[in-house]
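input-v1.txt follows; it contains compact mmCIF, C-alpha atoms.
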```txt
# COMPACT_ATOMS: atom_id res chain seq x y z
CA MET A 1 -18.19 -6.31 -10.14
CA ILE A 2 -17.23 -8.84 -12.83
CA LEU A 3 -13.55 -8.42 -11.92
CA TRP A 4 -14.31 -9.07 -8.27
CA SER A 5 -16.48 -12.13 -8.94
CA GLY A 6 -13.71 -13.49 -11.19
CA GLY A 7 -11.17 -13.54 -8.35
CA PHE A 8 -9.69 -10.02 -8.52
CA ASP A 9 -8.94 -8.78 -4.99
CA PRO A 10 -10.28 -5.21 -4.71
CA TYR A 11 -8.43 -4.71 -1.44
CA GLN A 12 -5.04 -5.21 -3.10
CA CYS A 13 -3.57 -2.47 -5.26
CA ILE A 14 -2.05 -4.04 -8.37
CA THR A 15 1.00 -1.77 -8.23
CA SER A 16 3.08 -0.19 -5.47
CA ALA A 17 2.18 3.27 -6.77
CA CYS A 18 -1.08 3.41 -4.85
CA GLY A 19 0.63 2.47 -1.59
CA SER A 20 -1.55 3.24 1.41
CA LEU A 21 -4.21 4.78 -0.86
CA SER A 22 -5.55 1.39 -1.91
CA THR A 23 -8.55 1.98 0.36
CA ILE A 24 -10.59 4.98 1.52
CA LEU A 25 -12.49 4.69 4.81
CA GLY A 26 -11.58 1.00 4.78
CA ARG A 27 -13.28 0.45 1.44
CA PRO A 28 -11.31 -0.47 -1.70
CA LEU A 29 -10.94 2.07 -4.49
CA LEU A 30 -12.59 -0.40 -6.88
CA LEU A 31 -15.88 -0.07 -4.97
CA TRP A 32 -15.70 3.73 -4.88
CA GLY A 33 -15.06 3.72 -8.62
CA ALA A 34 -17.99 1.37 -9.22
CA ALA A 35 -20.23 3.69 -7.21
CA TYR A 36 -19.07 6.67 -9.28
CA TYR A 37 -19.70 4.91 -12.61
CA SER A 38 -23.09 3.59 -11.48
CA LEU A 39 -24.23 7.01 -10.26
CA SER A 40 -23.03 8.65 -13.48
CA ALA A 41 -24.98 6.08 -15.53
CA VAL A 42 -28.14 6.63 -13.48
CA LEU A 43 -27.91 10.40 -13.98
CA CYS A 44 -27.31 10.11 -17.72
CA PHE A 45 -29.77 7.33 -18.65
CA SER A 46 -32.52 8.90 -16.54
CA GLY A 47 -32.38 12.07 -18.65
CA LEU A 48 -31.18 14.22 -15.73
CA ALA A 49 -28.02 15.10 -17.68
CA ALA A 50 -30.19 17.38 -19.80
CA THR A 51 -32.73 18.66 -17.26
CA LYS A 52 -30.30 19.07 -14.32
CA ARG A 53 -27.23 19.78 -16.39
CA LYS A 54 -25.18 21.75 -13.86
CA ALA A 55 -25.73 19.32 -11.00
CA VAL A 56 -24.94 16.26 -13.13
CA LEU A 57 -21.79 17.79 -14.63
CA THR A 58 -20.65 18.83 -11.14
CA ILE A 59 -20.91 15.21 -9.96
CA ILE A 60 -19.20 13.79 -13.05
CA TYR A 61 -16.34 16.29 -13.12
CA GLY A 62 -16.05 16.02 -9.33
CA GLY A 63 -15.36 12.30 -9.71
CA VAL A 64 -12.70 12.98 -12.33
CA ALA A 65 -11.06 15.59 -10.07
CA ALA A 66 -11.15 13.27 -7.05
CA HIS A 67 -9.49 10.45 -9.01
CA ALA A 68 -6.85 12.82 -10.39
CA LEU A 69 -6.12 14.00 -6.83
CA LEU A 70 -5.63 10.41 -5.65
CA LEU A 71 -3.22 9.76 -8.52
CA PHE A 72 -1.30 12.92 -7.64
CA LEU A 73 -1.04 11.92 -3.97
CA ALA A 74 0.17 8.44 -4.94
CA TRP A 75 2.74 9.91 -7.33
CA ARG A 76 3.95 12.38 -4.71
CA GLY A 77 4.35 9.57 -2.19
CA THR A 78 6.04 6.96 -4.38
CA GLY A 79 7.23 8.73 -7.53
CA GLU A 80 5.18 6.26 -9.59
CA LEU A 81 1.83 6.32 -11.38
CA CYS A 82 -0.46 3.31 -11.53
CA PRO A 83 -1.09 2.54 -15.24
CA THR A 84 -4.47 0.95 -14.50
CA CYS A 85 -5.68 4.00 -12.56
CA LEU A 86 -4.49 6.22 -15.40
CA LYS A 87 -6.60 4.25 -17.87
CA PHE A 88 -9.66 4.55 -15.65
CA LEU A 89 -9.03 8.28 -15.31
CA LEU A 90 -8.84 8.63 -19.10
CA VAL A 91 -12.19 6.84 -19.48
CA GLU A 92 -13.74 9.12 -16.85
CA ALA A 93 -12.40 12.25 -18.58
CA LEU A 94 -13.71 11.10 -21.99
CA GLN A 95 -17.08 10.32 -20.42
CA ALA A 96 -17.23 13.80 -18.88
CA VAL A 97 -16.41 15.45 -22.21
CA TYR A 98 -19.01 13.33 -24.04
CA VAL A 99 -21.77 14.11 -21.54
CA THR A 100 -20.89 17.80 -21.74
CA ALA A 101 -21.12 17.83 -25.52
CA TYR A 102 -24.00 15.36 -25.98
CA PRO A 103 -26.09 15.19 -22.79
CA PRO A 104 -28.65 12.34 -23.03
CA GLY A 105 -32.00 14.09 -23.25
CA ARG A 106 -34.53 11.33 -22.60
CA LEU A 107 -35.16 8.41 -20.29
CA ARG A 108 -33.70 5.07 -21.35
CA ARG A 109 -35.54 2.63 -19.13
CA VAL A 110 -33.52 -0.58 -19.44
CA PRO A 111 -30.00 0.86 -18.99
CA ALA A 112 -31.32 3.23 -16.31
CA ALA A 113 -32.77 0.28 -14.39
CA LEU A 114 -29.54 -1.71 -14.73
CA ALA A 115 -27.48 1.25 -13.57
CA ALA A 116 -29.78 1.79 -10.59
CA ALA A 117 -29.54 -1.89 -9.65
CA GLY A 118 -25.76 -1.69 -9.86
CA LEU A 119 -25.74 1.39 -7.66
CA VAL A 120 -27.85 -0.39 -5.01
CA VAL A 121 -25.48 -3.40 -5.02
CA VAL A 122 -22.39 -1.22 -4.74
CA ALA A 123 -23.97 0.85 -1.96
CA GLY A 124 -24.69 -2.35 -0.07
CA LEU A 125 -21.11 -3.57 -0.47
CA LEU A 126 -19.76 -0.21 0.67
CA ALA A 127 -21.94 -0.40 3.78
CA PHE A 128 -21.34 -4.09 4.53
CA ASN A 129 -17.65 -4.35 3.55
CA PRO A 130 -17.13 -7.89 4.92
CA ARG A 131 -13.31 -7.80 4.79
CA VAL A 132 -12.96 -5.06 7.41
CA VAL A 133 -12.48 -6.27 10.99
CA PRO A 134 -14.04 -3.96 13.63
CA ALA A 135 -11.40 -1.75 15.23
CA ALA A 136 -12.28 -2.99 18.72
CA ALA A 137 -11.39 -6.55 17.70
CA MET A 138 -7.92 -5.66 16.48
CA PRO A 139 -4.97 -4.86 18.74
CA ALA A 140 -3.58 -1.38 18.29
CA VAL A 141 -0.33 -1.51 16.31
CA PRO A 142 1.76 1.67 16.57
CA PRO A 143 3.81 3.06 13.68
CA ALA A 144 7.48 2.13 13.46
CA LYS A 145 9.77 4.60 15.18
CA VAL A 146 13.54 5.07 15.01
CA ILE A 147 14.88 5.57 18.54
CA PRO A 148 18.25 5.59 20.38
CA ALA A 149 19.71 2.24 21.34
CA VAL A 150 17.51 0.04 23.49
CA PRO A 151 18.58 -3.59 24.09
CA VAL A 152 16.60 -6.00 21.96
CA GLU A 153 14.45 -8.32 24.05
CA LYS A 154 16.23 -11.58 24.78
CA GLU A 155 13.59 -13.80 23.24
CA GLU A 156 13.71 -11.85 19.97
CA LYS A 157 17.50 -11.68 19.91
CA ALA A 158 17.88 -15.39 20.55
CA GLY A 159 15.49 -16.24 17.73
CA LEU A 160 17.58 -14.55 15.04
CA PRO A 161 20.72 -16.05 13.44
CA LYS A 162 24.04 -14.26 13.70
CA GLN A 163 24.11 -11.27 11.35
CA ASP A 164 26.55 -11.49 8.45
CA PHE A 165 25.04 -8.64 6.45
CA VAL A 166 27.68 -6.56 4.68
CA GLU A 167 26.69 -3.07 3.54
CA LYS A 168 27.02 -2.53 -0.19
CA LYS A 169 27.16 0.91 -1.76
CA THR A 170 24.15 1.78 -3.86
CA SER A 171 24.33 4.28 -6.66
CA THR A 172 20.61 5.03 -6.92
CA GLY A 173 17.59 5.26 -4.71
CA LEU A 174 19.44 6.29 -1.54
CA LYS A 175 17.48 8.64 0.68
CA SER A 176 18.12 9.96 4.18
CA LEU A 177 15.42 10.21 6.78
CA PRO A 178 14.64 13.62 8.34
CA SER A 179 17.03 14.97 10.97
CA SER A 180 14.45 14.13 13.65
CA VAL A 181 15.27 10.42 13.24
CA LYS A 182 18.99 10.65 12.52
CA ASN A 183 21.41 9.44 15.16
CA ASP A 184 24.99 10.23 16.14
CA THR A 185 27.70 7.77 15.19
CA ASN A 186 28.09 6.90 18.88
CA LYS A 187 24.48 5.73 19.01
CA ASN A 188 23.09 2.35 17.99
CA PRO A 189 19.66 3.22 16.58
CA GLY A 190 16.78 0.87 17.09
CA LEU A 191 13.44 0.39 15.38
CA ALA A 192 10.36 0.17 17.61
CA VAL A 193 7.83 -2.33 16.22
CA THR A 194 5.57 -5.07 17.59
CA THR A 195 5.42 -8.84 17.26
CA LEU A 196 2.44 -10.71 15.82
CA ASP A 197 1.05 -11.07 19.36
CA ASN A 198 1.37 -7.30 19.86
CA ARG A 199 4.46 -7.28 22.13
CA PRO A 200 6.65 -4.18 21.65
CA VAL A 201 10.24 -4.91 20.61
CA THR A 202 13.18 -2.84 19.40
CA LEU A 203 15.17 -4.10 16.42
CA GLU A 204 18.86 -3.19 16.18
CA LEU A 205 19.32 -1.48 12.83
CA ALA A 206 23.10 -1.55 13.20
CA ALA A 207 22.91 -5.36 13.22
CA ARG A 208 20.74 -5.69 10.13
CA PRO A 209 18.45 -3.56 7.97
CA ALA A 210 14.65 -3.76 8.07
CA LEU A 211 12.52 -4.52 5.00
CA PHE A 212 9.04 -2.95 5.11
CA VAL A 213 6.35 -4.58 2.97
CA ALA A 214 2.54 -4.81 2.85
CA TRP A 215 0.66 -8.04 2.26
CA TRP A 216 -1.56 -6.40 -0.38
CA CYS A 217 1.42 -5.00 -2.37
CA LEU A 218 2.29 -7.08 -5.46
CA HIS A 219 5.67 -5.39 -5.95
CA CYS A 220 6.56 -6.44 -2.41
CA ASP A 221 6.52 -10.05 -3.64
CA GLU A 222 9.56 -9.27 -5.77
CA ALA A 223 11.39 -7.80 -2.77
CA LEU A 224 10.49 -10.83 -0.66
CA GLN A 225 11.77 -13.17 -3.36
CA GLU A 226 15.09 -11.31 -3.36
CA MET A 227 15.20 -11.64 0.43
CA ALA A 228 14.54 -15.39 0.15
CA LYS A 229 17.67 -15.78 -2.02
CA LEU A 230 19.85 -14.65 0.87
CA PRO A 231 21.24 -16.95 3.58
CA GLU A 232 19.31 -16.56 6.82
CA GLY A 233 22.21 -14.72 8.45
CA MET A 234 22.11 -12.03 5.78
CA ARG A 235 18.37 -11.46 5.65
CA PRO A 236 16.92 -8.18 6.92
CA TYR A 237 14.28 -7.90 9.58
CA LEU A 238 10.87 -8.26 7.95
CA VAL A 239 8.23 -5.70 8.96
CA PHE A 240 4.67 -5.73 7.60
CA THR A 241 3.07 -2.29 7.52
CA TYR A 242 -0.01 -0.44 6.20
CA LEU A 243 -2.18 -3.01 7.95
CA GLN A 244 -5.81 -3.31 6.86
CA GLY A 245 -7.53 -5.45 9.48
CA ASP A 246 -7.53 -9.14 8.53
CA ASP A 247 -3.75 -9.27 8.31
CA GLN A 248 -2.27 -12.39 9.92
CA GLY A 249 -3.69 -14.95 7.49
CA GLU A 250 -2.72 -12.78 4.51
CA ILE A 251 0.80 -12.32 5.89
CA GLU A 252 1.29 -16.07 6.35
CA ALA A 253 0.02 -16.76 2.82
CA LYS A 254 2.37 -14.13 1.35
CA LEU A 255 5.36 -15.59 3.17
CA LYS A 256 4.52 -19.08 1.90
CA ARG A 257 4.11 -17.88 -1.70
CA ASN A 258 7.54 -16.27 -1.64
CA GLY A 259 9.55 -19.02 0.04
CA LEU A 260 9.76 -17.38 3.47
CA GLU A 261 7.38 -19.59 5.45
CA GLY A 262 8.31 -19.58 9.13
CA THR A 263 10.28 -16.31 8.92
CA ALA A 264 10.03 -14.05 11.98
CA VAL A 265 7.91 -11.02 11.13
CA TYR A 266 7.09 -7.77 12.88
CA LEU A 267 4.26 -5.28 12.54
CA ALA A 268 3.94 -1.51 12.30
CA SER A 269 0.85 0.47 11.31
CA GLU A 270 3.12 2.78 9.27
CA PRO A 271 6.83 2.92 8.37
CA PRO A 272 9.11 5.44 10.15
CA GLU A 273 8.66 9.14 9.46
CA GLY A 274 9.99 10.13 6.05
CA VAL A 275 9.24 6.77 4.42
CA LYS A 276 6.39 6.70 1.93
CA GLY A 277 5.24 3.56 0.20
CA VAL A 278 6.49 -0.02 0.10
CA PRO A 279 8.66 -1.97 -0.44
CA VAL A 280 11.36 -0.01 1.39
CA LEU A 281 14.61 -1.00 3.10
CA VAL A 282 15.63 0.96 6.23
CA PHE A 283 19.27 0.69 7.35
CA VAL A 284 22.15 2.46 9.10
CA GLU A 285 24.84 4.06 6.94
CA ASN A 286 27.60 6.36 8.20
CA GLY A 287 25.91 6.55 11.57
CA HIS A 288 22.62 7.78 10.12
CA VAL A 289 19.39 5.96 9.41
CA SER A 290 18.64 5.96 5.67
CA HIS A 291 16.39 4.06 3.31
CA VAL A 292 15.98 2.97 -0.31
CA GLU A 293 12.62 2.52 -2.01
CA GLY A 294 11.62 0.21 -4.85
CA VAL A 295 12.55 -3.34 -5.76
CA LYS A 296 15.61 -2.49 -7.87
CA ALA A 297 17.20 -0.27 -5.23
CA ILE A 298 16.50 -2.84 -2.50
CA GLU A 299 17.97 -5.63 -4.63
CA GLU A 300 21.11 -3.57 -5.23
CA LYS A 301 21.46 -2.82 -1.53
CA LEU A 302 20.88 -6.37 -0.33
CA ILE A 303 22.59 -8.41 -3.04
CA GLY A 304 24.82 -5.86 -4.71
CA LYS A 305 23.54 -6.34 -8.27
```
As structure tokens, what does this structure read like?
Amino acid sequence: MILWSGGFDPYQCITSACGSLSTILGRPLLLWGAAYYSLSAVLCFSGLAATKRKAVLTIIYGGVAAHALLLFLAWRGTGELCPTCLKFLLVEALQAVYVTAYPPGRLRRVPAALAAAGLVVVAGLLAFNPRVVPAAAMPAVPPAKVIPAVPVEKEEKAGLPKQDFVEKKTSTGLKSLPSSVKNDTNKNPGLAVTTLDNRPVTLELAARPALFVAWWCLHCDEALQEMAKLPEGMRPYLVFTYLQGDDQGEIEAKLKRNGLEGTAVYLASEPPEGVKGVPVLVFVENGHVSHVEGVKAIEEKLIGK
């Protein structure tokens, strides 16, 4: 709660490792963690850790297991582990061991009251969750999809400068998408996305690659800064994904922070099949749609460093 009141954004994962797992049921992981810690404190300071030992230990170890599962899912999706989440998990594991060995046996009124008050506040925030826009108020944005060639709409094509992007071989980070989205060399694959006003368009991947980012991803700032170094004719399409509701204002602010104000952007609820996590660059190589993940691999692909 102190972090949040001090300006920390609980809806924004501080690393790219957490990816789309930065929220659960539209609520940030920070709030779920605060609820877990508050409930654990209530159970311990109330003396229930001694009288209802099995139930309390089940809740405490259940929280540790749930957090470990989230870390595993994030690692499986991105190949990275969030160092902050690891530290929290270590604290939770030490707390569980301590309560197992030395269960508080009597009521401690003041800390129990503070913990209960914290739990009520967190429960209220979980229920209210002011940052989430009701689903009915938001246009439906489909996931990105790689499809056979479809002419790009004239208004979109006219708004982009001539493409001068030259493919550069990358020694690391290269991945191919599943065969279900690969295309023959005689095909010109496209990427189905939407505009900010929810119009469907198809981007020609043979003309330029597509950079997928999320406005809440801090590592995506580095990828956007690398994109800003390029002349406009060499920049990839820019697609914002893993949308969370109140997106347009956040997207505009992120573009401004990274020197890309006024850049044409597209939306997709998720990247194409086979892509997990952001930032990621999707492109055509040897007639097939492939992608590289992570800032370093994207930088090498775009700039050739």
> Which one of A:Leu69, A:Leu57, A:Val122, A:Ala214 sits closest to A:Gly33 if you count all atoms listed in the file?
Replying inline: A:Val122
> Closest to A:Gly233 among A:Pro200, A:Gly249, A:Pro209, A:Pro142, using only C-alpha atoms?
Replying inline: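 Of the candidates, the smallest distance to A:Gly233 is held by A:Pro209.
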> So how far away is atom CA of A:Gln244 from atom CA of A:Ala297, in Å?
Replying inline: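 Computed distance, atom CA of A:Ala297 to atom CA of A:Gln244, equals 26.2 Å.
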>> Tell me which residues come within 12 Å of (8.4, -4.8, 16.3), as a ChimeraX atom specification, counting all atoms listed in the file in the file's coordinates.
In response: /A:141-146,152-153,156-157,190-205,210,212,237-241,264-272
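Reported to one decimal place, the separation of atom CA of A:Leu48 from atom CA of A:Ala115 is 13.7 Å.
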>> Applying 8 Å and only C-alpha atoms, which residues near A:Ile298 remain after dropping the ones on its own chain fewer than 5 positions away? List them as a ChimeraX atom specification.
In response: /A:223,280-281,292-293
> When you draw a straight line from atom CA of A:Ile147 to atom CA of A:Pro189, how long is it in Å?
Replying inline: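 Distance between the two atoms: 5.7 Å.
With all atoms listed in the file as the atoms that count, the minimum distance from A:Gln248 to the choices A:Glu273, A:Ala113, A:Ala34, A:Trp216 is reached by A:Trp216.
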>> So, with all atoms listed in the file as the atoms that count, which of A:Ile303, A:Ala96, A:Ala66, A:Ala116 lies closest to A:Ser46?
In response: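 Among A:Ile303, A:Ala96, A:Ala66, A:Ala116, it is A:Ala116 that comes nearest to A:Ser46.
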> Which is closer to A:His288 than all the others in A:Trp215, A:Leu73, A:Ala206, A:Pro231, using only C-alpha atoms?
Replying inline: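 Closest candidate: A:Ala206.
Distances here use all atoms listed in the file; by that measure, the residue among A:Leu119, A:Val99, A:Leu29, A:Leu107 closest to A:Cys85 is A:Leu29.
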> Can you tell me, as a ChimeraX atom specification, what residues are no more than 8 Å from A:Cys220 when counting only C-alpha atoms, ignoring any on the same chain fewer than 4 positions away?
Replying inline: /A:16,213-215,224,278-279,295
